[in-house]
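start_0.pdb (PDB, C-alpha atoms (C1' of nucleotides)) appears below.
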ATOM      1  CA  MET K   1       0.000   0.000   0.000
ATOM      2  CA  PRO K   2       2.165   2.792  -1.245
ATOM      3  CA  GLU K   3       1.863   6.088   0.568
ATOM      4  CA  LEU K   4       4.114   9.124   0.373
ATOM      5  CA  PRO K   5       7.379   7.459   1.522
ATOM      6  CA  GLU K   6       6.967   4.457  -0.760
ATOM      7  CA  VAL K   7       6.012   6.617  -3.732
ATOM      8  CA  GLU K   8       8.991   8.880  -3.089
ATOM      9  CA  THR K   9      11.332   5.896  -2.882
ATOM     10  CA  ILE K  10       9.980   4.473  -6.129
ATOM     11  CA  ALA K  11      10.092   7.827  -7.926
ATOM     12  CA  ASN K  12      13.702   8.348  -6.857
ATOM     13  CA  GLY K  13      14.647   4.853  -7.957
ATOM     14  CA  VAL K  14      13.010   5.244 -11.344
ATOM     15  CA  GLN K  15      14.502   8.725 -11.788
ATOM     16  CA  ALA K  16      18.011   7.384 -11.179
ATOM     17  CA  ARG K  17      17.545   4.616 -13.736
ATOM     18  CA  ILE K  18      15.789   6.210 -16.663
ATOM     19  CA  HIS K  19      15.997   9.999 -16.646
ATOM     20  CA  GLY K  20      17.340  11.454 -19.851
ATOM     21  CA  GLN K  21      16.124   8.524 -21.934
ATOM     22  CA  THR K  22      13.675   8.759 -24.791
ATOM     23  CA  ILE K  23      10.501   6.677 -25.008
ATOM     24  CA  ARG K  24      10.679   4.700 -28.233
ATOM     25  CA  SER K  25       7.302   2.996 -28.092
ATOM     26  CA  VAL K  26       4.414   2.360 -25.742
ATOM     27  CA  TRP K  27       2.162  -0.657 -25.225
ATOM     28  CA  THR K  28      -0.980  -0.550 -23.101
ATOM     29  CA  SER K  29      -3.390  -3.209 -21.905
ATOM     30  CA  ASN K  30      -7.076  -3.050 -22.721
ATOM     31  CA  LYS K  31      -8.281  -2.540 -19.144
ATOM     32  CA  PRO K  32     -10.161   0.768 -19.279
ATOM     33  CA  GLN K  33     -10.206   1.386 -15.561
ATOM     34  CA  THR K  34      -6.432   1.692 -15.447
ATOM     35  CA  PHE K  35      -6.413   4.603 -17.875
ATOM     36  CA  LYS K  36      -7.690   7.889 -16.553
ATOM     37  CA  SER K  37      -6.670   9.447 -19.866
ATOM     38  CA  PRO K  38      -7.574   7.526 -23.034
ATOM     39  CA  PRO K  39      -4.731   5.108 -23.924
ATOM     40  CA  ASP K  40      -4.391   6.786 -27.320
ATOM     41  CA  GLU K  41      -3.673  10.120 -25.644
ATOM     42  CA  ILE K  42      -1.104   8.533 -23.373
ATOM     43  CA  ILE K  43       0.620   6.784 -26.261
ATOM     44  CA  GLU K  44       0.621   9.993 -28.296
ATOM     45  CA  ALA K  45       2.069  12.076 -25.447
ATOM     46  CA  LEU K  46       4.747   9.569 -24.479
ATOM     47  CA  THR K  47       6.046   8.215 -27.775
ATOM     48  CA  GLY K  48       9.160  10.095 -28.850
ATOM     49  CA  SER K  49       9.306  12.133 -25.647
ATOM     50  CA  ARG K  50      12.379  12.458 -23.477
ATOM     51  CA  ILE K  51      12.113  11.734 -19.755
ATOM     52  CA  GLU K  52      13.464  14.823 -18.060
ATOM     53  CA  ARG K  53      12.662  14.019 -14.446
ATOM     54  CA  VAL K  54      10.714  11.560 -12.307
ATOM     55  CA  HIS K  55       9.421  12.890  -9.004
ATOM     56  CA  ARG K  56       6.559  12.703  -6.543
ATOM     57  CA  VAL K  57       3.535  14.894  -5.847
ATOM     58  CA  GLY K  58       1.347  13.484  -3.057
ATOM     59  CA  LYS K  59       0.974   9.789  -3.847
ATOM     60  CA  THR K  60       1.393  10.387  -7.569
ATOM     61  CA  ILE K  61       4.574   9.701  -9.536
ATOM     62  CA  VAL K  62       5.088  12.535 -12.020
ATOM     63  CA  VAL K  63       7.186  11.965 -15.129
ATOM     64  CA  ASP K  64       8.224  15.257 -16.745
ATOM     65  CA  LEU K  65       8.474  14.881 -20.511
ATOM     66  CA  SER K  66       9.777  17.099 -23.267
ATOM     67  CA  ARG K  67       9.250  16.874 -26.987
ATOM     68  CA  ARG K  68       9.513  19.548 -29.653
ATOM     69  CA  LYS K  69       9.655  22.186 -26.894
ATOM     70  CA  LYS K  70       6.245  21.086 -25.622
ATOM     71  CA  PRO K  71       6.466  19.932 -22.031
ATOM     72  CA  ALA K  72       4.035  17.297 -20.842
ATOM     73  CA  GLN K  73       3.588  15.167 -17.764
ATOM     74  CA  PHE K  74       2.819  11.491 -17.373
ATOM     75  CA  LEU K  75       1.141  10.651 -14.072
ATOM     76  CA  VAL K  76       1.332   7.258 -12.390
ATOM     77  CA  HIS K  77      -0.815   6.547  -9.356
ATOM     78  CA  LEU K  78       0.038   3.164  -7.863
ATOM     79  CA  GLY K  79      -3.281   2.654  -6.081
ATOM     80  CA  MET K  80      -2.964  -0.307  -3.746
ATOM     81  CA  THR K  81      -0.834  -2.786  -5.622
ATOM     82  CA  GLY K  82       0.742  -0.862  -8.483
ATOM     83  CA  ARG K  83       4.439  -1.342  -9.258
ATOM     84  CA  LEU K  84       6.780   0.476 -11.609
ATOM     85  CA  LEU K  85       9.563  -1.805 -12.724
ATOM     86  CA  VAL K  86      12.633  -1.072 -14.828
ATOM     87  CA  SER K  87      13.286  -4.331 -16.617
ATOM     88  CA  ALA K  88      15.353  -5.811 -19.406
ATOM     89  CA  PRO K  89      13.147  -6.601 -22.436
ATOM     90  CA  ASP K  90      13.861 -10.315 -22.133
ATOM     91  CA  THR K  91      12.604 -10.423 -18.544
ATOM     92  CA  PRO K  92       9.243 -12.266 -18.531
ATOM     93  CA  VAL K  93       6.351  -9.808 -18.437
ATOM     94  CA  PRO K  94       4.544 -10.320 -15.111
ATOM     95  CA  PRO K  95       0.803 -10.962 -14.960
ATOM     96  CA  HIS K  96      -1.347  -7.833 -14.639
ATOM     97  CA  THR K  97       1.044  -5.685 -16.668
ATOM     98  CA  HIS K  98      -0.898  -2.701 -18.043
ATOM     99  CA  ALA K  99       1.753  -0.547 -19.710
ATOM    100  CA  ILE K 100       5.210  -1.049 -21.163
ATOM    101  CA  LEU K 101       7.422   1.851 -22.242
ATOM    102  CA  ALA K 102      10.386   0.855 -24.406
ATOM    103  CA  LEU K 103      13.303   3.182 -23.657
ATOM    104  CA  SER K 104      16.255   4.389 -25.703
ATOM    105  CA  GLY K 105      18.664   2.832 -23.184
ATOM    106  CA  GLY K 106      17.327  -0.600 -24.047
ATOM    107  CA  GLN K 107      15.305  -1.171 -20.892
ATOM    108  CA  GLU K 108      11.569  -1.133 -20.376
ATOM    109  CA  LEU K 109       9.522   0.748 -17.807
ATOM    110  CA  ARG K 110       6.598  -1.493 -16.865
ATOM    111  CA  PHE K 111       3.461  -0.700 -14.912
ATOM    112  CA  VAL K 112       2.114  -3.778 -13.147
ATOM    113  CA  ASP K 113      -1.029  -3.658 -11.025
ATOM    114  CA  ALA K 114      -2.917  -6.757  -9.895
ATOM    115  CA  ARG K 115      -5.802  -5.066  -8.141
ATOM    116  CA  ARG K 116      -6.161  -2.302 -10.693
ATOM    117  CA  PHE K 117      -6.690   0.571  -8.314
ATOM    118  CA  GLY K 118      -3.760   2.304  -9.988
ATOM    119  CA  ARG K 119      -4.277   4.981 -12.642
ATOM    120  CA  LEU K 120      -2.266   6.270 -15.575
ATOM    121  CA  SER K 121      -2.892   9.653 -17.145
ATOM    122  CA  VAL K 122      -1.295  12.575 -18.936
ATOM    123  CA  VAL K 123      -1.894  16.203 -18.057
ATOM    124  CA  ALA K 124      -2.923  18.757 -20.620
ATOM    125  CA  PRO K 125      -0.023  20.705 -22.184
ATOM    126  CA  ASP K 126       0.938  23.925 -20.433
ATOM    127  CA  THR K 127      -0.406  22.748 -17.094
ATOM    128  CA  ARG K 128       1.661  21.329 -14.287
ATOM    129  CA  TYR K 129       0.270  18.780 -11.890
ATOM    130  CA  GLU K 130       0.336  20.082  -8.346
ATOM    131  CA  GLY K 131      -1.920  17.544  -6.650
ATOM    132  CA  PRO K 132      -5.145  18.040  -4.749
ATOM    133  CA  GLY K 133      -3.801  19.271  -1.418
ATOM    134  CA  ALA K 134      -0.838  20.482   0.597
ATOM    135  CA  GLU K 135       2.503  18.657   0.864
ATOM    136  CA  PRO K 136       2.836  17.123   4.334
ATOM    137  CA  LEU K 137       6.621  17.494   4.417
ATOM    138  CA  THR K 138       6.710  21.191   3.614
ATOM    139  CA  VAL K 139       3.376  22.591   4.780
ATOM    140  CA  ALA K 140       3.836  25.564   7.106
ATOM    141  CA  LEU K 141       2.361  25.368  10.602
ATOM    142  CA  GLU K 142      -0.264  28.064  10.086
ATOM    143  CA  GLU K 143      -1.474  26.507   6.860
ATOM    144  CA  PHE K 144      -1.560  23.093   8.513
ATOM    145  CA  ILE K 145      -3.683  24.394  11.372
ATOM    146  CA  GLY K 146      -5.995  26.133   8.920
ATOM    147  CA  LEU K 147      -6.672  22.915   7.036
ATOM    148  CA  PHE K 148      -8.542  21.421   9.985
ATOM    149  CA  ARG K 149     -10.357  24.489  11.266
ATOM    150  CA  ASN K 150     -14.111  23.881  11.654
ATOM    151  CA  ARG K 151     -13.856  20.354  10.252
ATOM    152  CA  LYS K 152     -16.456  18.124  11.856
ATOM    153  CA  THR K 153     -14.911  14.891  10.648
ATOM    154  CA  PRO K 154     -12.636  12.686  12.797
ATOM    155  CA  ILE K 155      -8.996  13.711  12.531
ATOM    156  CA  LYS K 156      -8.171  10.284  11.103
ATOM    157  CA  ALA K 157     -10.594  10.834   8.225
ATOM    158  CA  ALA K 158      -9.287  14.363   7.702
ATOM    159  CA  LEU K 159      -5.714  13.061   7.425
ATOM    160  CA  LEU K 160      -6.837  10.658   4.708
ATOM    161  CA  ASN K 161      -8.590  13.441   2.773
ATOM    162  CA  GLN K 162      -6.175  14.096  -0.070
ATOM    163  CA  SER K 163      -7.671  17.499  -0.855
ATOM    164  CA  LEU K 164      -6.402  18.727   2.523
ATOM    165  CA  LEU K 165      -3.021  17.000   2.791
ATOM    166  CA  HIS K 166      -1.982  14.697  -0.043
ATOM    167  CA  GLY K 167       0.299  11.703   0.416
ATOM    168  CA  VAL K 168      -0.868  10.462   3.818
ATOM    169  CA  GLY K 169      -2.570   7.062   3.809
ATOM    170  CA  ASN K 170      -3.848   4.638   6.404
ATOM    171  CA  ILE K 171      -0.487   3.505   7.785
ATOM    172  CA  TYR K 172       1.105   6.886   8.390
ATOM    173  CA  ALA K 173      -2.133   8.495   9.559
ATOM    174  CA  ASP K 174      -2.334   5.927  12.370
ATOM    175  CA  GLU K 175       1.374   6.172  13.144
ATOM    176  CA  ALA K 176       1.414   9.977  13.214
ATOM    177  CA  LEU K 177      -1.624  10.127  15.503
ATOM    178  CA  PHE K 178       0.107   7.701  17.859
ATOM    179  CA  HIS K 179       3.276   9.777  18.010
ATOM    180  CA  ALA K 180       1.235  12.931  18.559
ATOM    181  CA  GLY K 181      -0.772  11.257  21.350
ATOM    182  CA  ILE K 182      -4.116  12.016  19.669
ATOM    183  CA  ARG K 183      -7.135   9.682  19.486
ATOM    184  CA  PRO K 184      -8.058   9.098  15.821
ATOM    185  CA  SER K 185     -11.750   9.625  16.592
ATOM    186  CA  ARG K 186     -11.352  13.196  17.837
ATOM    187  CA  HIS K 187     -13.044  15.836  15.716
ATOM    188  CA  ALA K 188     -10.469  17.666  13.641
ATOM    189  CA  GLY K 189     -12.014  21.055  14.337
ATOM    190  CA  ARG K 190     -11.789  20.550  18.097
ATOM    191  CA  LEU K 191      -8.051  19.881  18.187
ATOM    192  CA  THR K 192      -6.037  22.547  19.959
ATOM    193  CA  ARG K 193      -3.222  24.496  18.444
ATOM    194  CA  ALA K 194      -0.834  22.427  20.572
ATOM    195  CA  ASP K 195      -2.403  19.183  19.289
ATOM    196  CA  LEU K 196      -2.000  20.241  15.675
ATOM    197  CA  THR K 197       1.541  21.436  16.256
ATOM    198  CA  ARG K 198       2.442  18.000  17.619
ATOM    199  CA  LEU K 199       0.543  16.265  14.825
ATOM    200  CA  ARG K 200       2.401  18.122  12.099
ATOM    201  CA  GLU K 201       5.730  17.336  13.715
ATOM    202  CA  ALA K 202       4.751  13.665  14.146
ATOM    203  CA  LEU K 203       3.698  13.401  10.506
ATOM    204  CA  ILE K 204       6.955  14.873   9.277
ATOM    205  CA  LYS K 205       8.876  12.586  11.615
ATOM    206  CA  VAL K 206       7.210   9.322  10.567
ATOM    207  CA  LEU K 207       7.233  10.186   6.863
ATOM    208  CA  THR K 208      10.861  11.260   6.915
ATOM    209  CA  GLU K 209      11.973   8.168   8.819
ATOM    210  CA  ALA K 210      10.051   5.934   6.436
ATOM    211  CA  ILE K 211      11.667   7.578   3.414
ATOM    212  CA  GLN K 212      15.080   7.004   4.977
ATOM    213  CA  LEU K 213      14.217   3.339   5.513
ATOM    214  CA  GLY K 214      12.981   2.897   1.964
ATOM    215  CA  GLY K 215       9.261   2.904   2.617
ATOM    216  CA  SER K 216       6.984   0.363   4.253
ATOM    217  CA  SER K 217       6.308  -3.029   2.777
ATOM    218  CA  VAL K 218       3.223  -4.679   4.155
ATOM    219  CA  SER K 219       2.296  -6.814   1.188
ATOM    220  CA  ASP K 220       2.556  -5.468  -2.313
ATOM    221  CA  TYR K 221       5.028  -2.635  -2.422
ATOM    222  CA  VAL K 222       8.266  -3.186  -4.256
ATOM    223  CA  ASP K 223      10.592  -0.383  -5.227
ATOM    224  CA  ALA K 224      12.186   0.111  -8.606
ATOM    225  CA  ASP K 225      14.907  -2.418  -7.787
ATOM    226  CA  GLY K 226      12.370  -5.004  -6.754
ATOM    227  CA  VAL K 227      13.612  -4.712  -3.153
ATOM    228  CA  ALA K 228      11.030  -4.453  -0.422
ATOM    229  CA  GLY K 229      11.177  -1.630   2.113
ATOM    230  CA  PHE K 230      11.141  -2.414   5.790
ATOM    231  CA  PHE K 231       9.456   0.403   7.692
ATOM    232  CA  GLN K 232       6.853  -2.048   9.013
ATOM    233  CA  LEU K 233       9.408  -3.111  11.594
ATOM    234  CA  HIS K 234       8.974   0.310  13.146
ATOM    235  CA  HIS K 235       5.177   0.460  13.180
ATOM    236  CA  HIS K 236       3.838   1.290  16.619
ATOM    237  CA  VAL K 237       0.115   0.766  16.036
ATOM    238  CA  TYR K 238      -0.681  -0.035  12.414
ATOM    239  CA  SER K 239      -1.691  -3.687  11.990
ATOM    240  CA  ARG K 240      -0.736  -4.419  15.604
ATOM    241  CA  THR K 241      -4.264  -5.074  16.928
ATOM    242  CA  GLY K 242      -4.141  -6.783  20.308
ATOM    243  CA  GLN K 243      -0.376  -6.562  20.561
ATOM    244  CA  PRO K 244       1.165  -4.565  23.434
ATOM    245  CA  CYS K 245       1.850  -0.889  22.900
ATOM    246  CA  ARG K 246       5.600  -0.423  22.494
ATOM    247  CA  VAL K 247       5.483   2.413  25.037
ATOM    248  CA  CYS K 248       3.034   1.288  27.744
ATOM    249  CA  ALA K 249       2.117  -2.347  26.878
ATOM    250  CA  THR K 250      -1.624  -1.611  26.620
ATOM    251  CA  PRO K 251      -3.111  -3.823  23.875
ATOM    252  CA  ILE K 252      -3.536  -1.874  20.637
ATOM    253  CA  LYS K 253      -7.164  -1.313  19.687
ATOM    254  CA  ARG K 254      -8.694  -1.522  16.227
ATOM    255  CA  ILE K 255     -11.764   0.489  15.224
ATOM    256  CA  VAL K 256     -13.210   1.600  11.892
ATOM    257  CA  ILE K 257     -13.249   5.282  10.944
ATOM    258  CA  GLY K 258     -14.382   6.442   7.543
ATOM    259  CA  GLY K 259     -14.577   2.820   6.452
ATOM    260  CA  ARG K 260     -10.892   2.289   7.193
ATOM    261  CA  SER K 261      -9.317   0.183   9.901
ATOM    262  CA  THR K 262      -7.766   2.414  12.515
ATOM    263  CA  HIS K 263      -5.288   1.394  15.211
ATOM    264  CA  TYR K 264      -4.438   3.235  18.405
ATOM    265  CA  CYS K 265      -3.306   2.923  22.006
ATOM    266  CA  SER K 266      -6.063   3.929  24.426
ATOM    267  CA  THR K 267      -3.506   4.875  27.061
ATOM    268  CA  CYS K 268      -1.022   6.878  25.001
ATOM    269  CA  GLN K 269      -3.605   8.638  22.810
ATOM    270  CA  LYS K 270      -6.113  11.050  24.322
TER     271      LYS K 270
ATOM    272  C1'  DA N   1     -20.969  21.886   0.275
ATOM    273  C1'  DG N   2     -19.125  19.044   3.780
ATOM    274  C1'  DG N   3     -19.529  14.448   5.298
ATOM    275  C1'  DT N   4     -20.296   9.538   4.690
ATOM    276  C1'  DT N   5     -20.770   5.218   2.364
ATOM    277  C1'  DG N   6     -20.057   1.778  -1.009
ATOM    278  C1'  DA N   7     -18.054   0.166  -5.477
ATOM    279  C1'  DC N   8     -14.152  -0.913  -7.784
ATOM    280  C1'  DC N   9     -10.468  -5.097  -7.916
ATOM    281  C1'  DT N  10      -7.658  -9.426  -6.756
ATOM    282  C1'  DG N  11      -4.862 -12.243  -3.803
ATOM    283  C1'  DG N  12      -4.168 -13.990   0.462
ATOM    284  C1'  DA N  13      -5.829 -15.563   4.944
ATOM    285  C1'  DC N  14      -8.972 -18.117   7.283
ATOM    286  C1'  DG N  15     -12.771 -21.488   8.473
ATOM    287  C1'  DC N  16     -15.129 -25.602   7.717
TER     288       DC N  16
ATOM    289  C1'  DT X   1      -7.680 -30.717   0.009
ATOM    290  C1'  DG X   2     -10.587 -27.536  -1.569
ATOM    291  C1'  DC X   3     -14.040 -24.483  -1.559
ATOM    292  C1'  DG X   4     -16.301 -20.327   0.104
ATOM    293  C1'  DT X   5     -16.053 -16.069   2.547
ATOM    294  C1'  DC X   6     -13.928 -12.111   4.146
ATOM    295  C1'  DC X   7     -10.583  -8.560   4.321
ATOM    296  C1'  DA X   8      -7.081  -5.193   2.695
ATOM    297  C1'  DG X   9      -7.468   0.097   1.095
ATOM    298  C1'  DG X  10      -6.914   4.791  -2.486
ATOM    299  C1'  DT X  11     -10.109   7.115  -4.878
ATOM    300  C1'  DC X  12     -14.325   8.443  -6.843
ATOM    301  C1'  DA X  13     -19.219   8.577  -7.496
ATOM    302  C1'  DA X  14     -23.390   8.847  -5.285
ATOM    303  C1'  DC X  15     -25.991  10.014  -1.631
ATOM    304  C1'  DC X  16     -27.393  12.503   2.718
TER     305       DC X  16
END
Written as structure tokens, that's how I'd like the structure from this file.
Amino acid sequence: MPELPEVETIANGVQARIHGQTIRSVWTSNKPQTFKSPPDEIIEALTGSRIERVHRVGKTIVVDLSRRKKPAQFLVHLGMTGRLLVSAPDTPVPPHTHAILALSGGQELRFVDARRFGRLSVVAPDTRYEGPGAEPLTVALEEFIGLFRNRKTPIKAALLNQSLLHGVGNIYADEALFHAGIRPSRHAGRLTRADLTRLREALIKVLTEAIQLGGSSVSDYVDADGVAGFFQLHHHVYSRTGQPCRVCATPIKRIVIGGRSTHYCSTCQK
DNA sequence: AGGTTGACCTGGACGC
DNA sequence: TGCGTCCAGGTCAACC
């Protein structure tokens, strides 16, 4: 389940391997749901373009392209199970492969996605994708506090709302709330300035540590090398239902908020 | 319009 | 063993 740290790790890995190369040809599967832009538009935008830079905005991998002085962007959202692999052409194509970009360096960039929650698209020329919300790693404190003002929804649900902050998913929302000592069920609009100050710091801390460790790997995430990350070893609450809190030994509770499983320590989080 | 819920998907875990 | 059921969750549409 790739969130911000995993997406950043993958984007960096892909950037290091393929930037500067030209896309010779593009193949796409016939699964409509995968393609947020029509496959023909994607093929047209990509073929013959040079890959200038691969980076991350929220949970989206952004591939900056240039061709005939017309910049374009190719967007890859990994959904739940999406993978971007840089492979030799003679490597067997895995099941559930939905796009293959043949590159001038001889390798292929492949998009593989079993569950098909991932999405591929291209942005209109002369626009730059900036994502739906604020960047968790760089958002200023006052802006962060403003995001949650008068929100009646639980803070957990607000953290998952990509139009407020983008890049935070279920794992890091639970982990950040634990480190900030905040119950996930508390109404976002009722959090104090001190709560939100701690929450922002906790978010930056858990995301930054996860990036340094190469992202979490709970089941499906694999980075561009095919090497799994290992941040799950550091999880304090996520997927630890019934296990003792690492701080106070209270069994971790699991509830559902906004249709998502939510884990917390009833002693450490108020 | 903000908030909430369910559909979309498949593989893996689990129970009988 | 093998089958059926349930669960995982990012996002979006639909509804309240």
Find the nearest atom pair between each residue of chain X and chain K for residues within 12 Å, count all atoms listed in the file, give distances in Å to one decimal, sort rows by chain and ascending number, and present the table as a tab-separated table.
residue	atom	partner	partner_atom	distance
X:DC7	C1'	K:Ser261	CA	10.4
X:DA8	C1'	K:Met80	CA	9.1
X:DG9	C1'	K:Met80	CA	6.6
X:DG10	C1'	K:Gly79	CA	5.5
X:DT11	C1'	K:Phe117	CA	8.1
X:DC12	C1'	K:Phe117	CA	11.1
Can you tell me, as a ChimeraX atom specification, which residues sit within 10 Å of (-7.6, -7.8, -11.6) in the file's frame, using all atoms listed in the file? /K:31,95-96,113-117 /N:9-11
Residues just named, written with C-alpha atoms (C1' of nucleotides) as a tab-separated table (two decimals), in the frame of the given file:
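The file below, out_4.tsv, is the result:
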chain	number	residue	atom	x	y	z
K	31	LYS	CA	-8.28	-2.54	-19.14
K	95	PRO	CA	0.80	-10.96	-14.96
K	96	HIS	CA	-1.35	-7.83	-14.64
K	113	ASP	CA	-1.03	-3.66	-11.02
K	114	ALA	CA	-2.92	-6.76	-9.90
K	115	ARG	CA	-5.80	-5.07	-8.14
K	116	ARG	CA	-6.16	-2.30	-10.69
K	117	PHE	CA	-6.69	0.57	-8.31
N	9	DC	C1'	-10.47	-5.10	-7.92
N	10	DT	C1'	-7.66	-9.43	-6.76
N	11	DG	C1'	-4.86	-12.24	-3.80
Listed atoms of segment 12-15 of chain X, axis-aligned box, 3 Å per side: centre and edge lengths to one decimal in Å, as AutoDock Vina command-line options?
--center_x -20.2 --center_y 9.2 --center_z -4.6 --size_x 17.7 --size_y 7.6 --size_z 11.9
Translate the PyMOL selection byres ((chain N and resi 4) around 10), as applied to the file shown, into an explicit residue set as a list of chain:residue names. K:Thr153, K:Gly258, K:Gly259, N:DG2, N:DG3, N:DT5, N:DG6, X:DC15, X:DC16
Radius query 9 Å about (-10.8, 11.2, 18.2), atoms used: all atoms listed in the file, as a PDB file with C-alpha atoms, keeping the file's coordinate frame:
ATOM      1  CA  PRO K 154     -12.636  12.686  12.797  1.00  0.00           C
ATOM      2  CA  ILE K 155      -8.996  13.711  12.531  1.00  0.00           C
ATOM      3  CA  LYS K 156      -8.171  10.284  11.103  1.00  0.00           C
ATOM      4  CA  ILE K 182      -4.116  12.016  19.669  1.00  0.00           C
ATOM      5  CA  ARG K 183      -7.135   9.682  19.486  1.00  0.00           C
ATOM      6  CA  PRO K 184      -8.058   9.098  15.821  1.00  0.00           C
ATOM      7  CA  SER K 185     -11.750   9.625  16.592  1.00  0.00           C
ATOM      8  CA  ARG K 186     -11.352  13.196  17.837  1.00  0.00           C
ATOM      9  CA  HIS K 187     -13.044  15.836  15.716  1.00  0.00           C
ATOM     10  CA  ALA K 188     -10.469  17.666  13.641  1.00  0.00           C
ATOM     11  CA  GLN K 269      -3.605   8.638  22.810  1.00  0.00           C
ATOM     12  CA  LYS K 270      -6.113  11.050  24.322  1.00  0.00           C
TER      13      LYS K 270
END
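Compared by their closest atoms to chain N, and using all atoms listed in the file, the residues K:Leu203, K:Leu4, K:Val62, K:Ile257 rank with K:Ile257 nearest.
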To one decimal place, how far is atom CA of Val206 of chain K from atom CA of Asn161 of chain K in Å?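 Atom CA of Val206 of chain K sits 18.1 Å away from atom CA of Asn161 of chain K.
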Would you pick out the contacts of Pro125 of chain K at 8 Å or less, using all atoms listed in the file, so that residues sharing its chain but fewer than 2 positions from it are not included, and give the list as a PDB file with C-alpha atoms, in the coordinates of the input?
ATOM      1  CA  LYS K  70       6.245  21.086 -25.622  1.00  0.00           C
ATOM      2  CA  PRO K  71       6.466  19.932 -22.031  1.00  0.00           C
ATOM      3  CA  ALA K  72       4.035  17.297 -20.842  1.00  0.00           C
ATOM      4  CA  GLN K  73       3.588  15.167 -17.764  1.00  0.00           C
ATOM      5  CA  VAL K 123      -1.894  16.203 -18.057  1.00  0.00           C
ATOM      6  CA  THR K 127      -0.406  22.748 -17.094  1.00  0.00           C
TER       7      THR K 127
END
Quick check on the file I pasted: which residues fall under the PyMOL selection byres ((chain K and resi 240-253) around 9)? Write them as a PyMOL selection string. chain K and resi 235-239+254-255+262-268
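Interatomic distance, atom CA of Ile23 of chain K to atom CA of Asp64 of chain K: 12.1 Å.
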N, CA and C atoms restored at segment 119-130 of chain K, emitted as a PDB file, in the frame of the given file:
ATOM      1  N   ARG K 119      -3.785   4.185 -11.519  1.00  0.00           N
ATOM      2  CA  ARG K 119      -4.277   4.981 -12.642  1.00  0.00           C
ATOM      3  C   ARG K 119      -3.124   5.619 -13.393  1.00  0.00           C
ATOM      4  N   LEU K 120      -3.234   5.599 -14.716  1.00  0.00           N
ATOM      5  CA  LEU K 120      -2.266   6.270 -15.575  1.00  0.00           C
ATOM      6  C   LEU K 120      -2.969   7.402 -16.305  1.00  0.00           C
ATOM      7  N   SER K 121      -2.286   8.534 -16.419  1.00  0.00           N
ATOM      8  CA  SER K 121      -2.892   9.653 -17.145  1.00  0.00           C
ATOM      9  C   SER K 121      -1.798  10.588 -17.648  1.00  0.00           C
ATOM     10  N   VAL K 122      -2.181  11.488 -18.522  1.00  0.00           N
ATOM     11  CA  VAL K 122      -1.295  12.575 -18.936  1.00  0.00           C
ATOM     12  C   VAL K 122      -2.024  13.887 -18.673  1.00  0.00           C
ATOM     13  N   VAL K 123      -1.257  14.909 -18.309  1.00  0.00           N
ATOM     14  CA  VAL K 123      -1.894  16.203 -18.057  1.00  0.00           C
ATOM     15  C   VAL K 123      -1.869  17.028 -19.342  1.00  0.00           C
ATOM     16  N   ALA K 124      -2.829  17.911 -19.440  1.00  0.00           N
ATOM     17  CA  ALA K 124      -2.923  18.757 -20.620  1.00  0.00           C
ATOM     18  C   ALA K 124      -1.650  19.598 -20.751  1.00  0.00           C
ATOM     19  N   PRO K 125      -1.212  19.868 -21.986  1.00  0.00           N
ATOM     20  CA  PRO K 125      -0.023  20.705 -22.184  1.00  0.00           C
ATOM     21  C   PRO K 125      -0.187  22.051 -21.496  1.00  0.00           C
ATOM     22  N   ASP K 126       0.905  22.607 -21.063  1.00  0.00           N
ATOM     23  CA  ASP K 126       0.938  23.925 -20.433  1.00  0.00           C
ATOM     24  C   ASP K 126       0.326  23.945 -19.036  1.00  0.00           C
ATOM     25  N   THR K 127      -0.005  22.780 -18.494  1.00  0.00           N
ATOM     26  CA  THR K 127      -0.406  22.748 -17.094  1.00  0.00           C
ATOM     27  C   THR K 127       0.577  21.851 -16.357  1.00  0.00           C
ATOM     28  N   ARG K 128       0.757  22.148 -15.100  1.00  0.00           N
ATOM     29  CA  ARG K 128       1.661  21.329 -14.287  1.00  0.00           C
ATOM     30  C   ARG K 128       0.886  20.751 -13.120  1.00  0.00           C
ATOM     31  N   TYR K 129       1.014  19.463 -12.947  1.00  0.00           N
ATOM     32  CA  TYR K 129       0.270  18.780 -11.890  1.00  0.00           C
ATOM     33  C   TYR K 129       0.802  19.198 -10.523  1.00  0.00           C
ATOM     34  N   GLU K 130      -0.080  19.659  -9.686  1.00  0.00           N
ATOM     35  CA  GLU K 130       0.336  20.082  -8.346  1.00  0.00           C
ATOM     36  C   GLU K 130      -0.366  19.308  -7.251  1.00  0.00           C
TER      37      GLU K 130
END
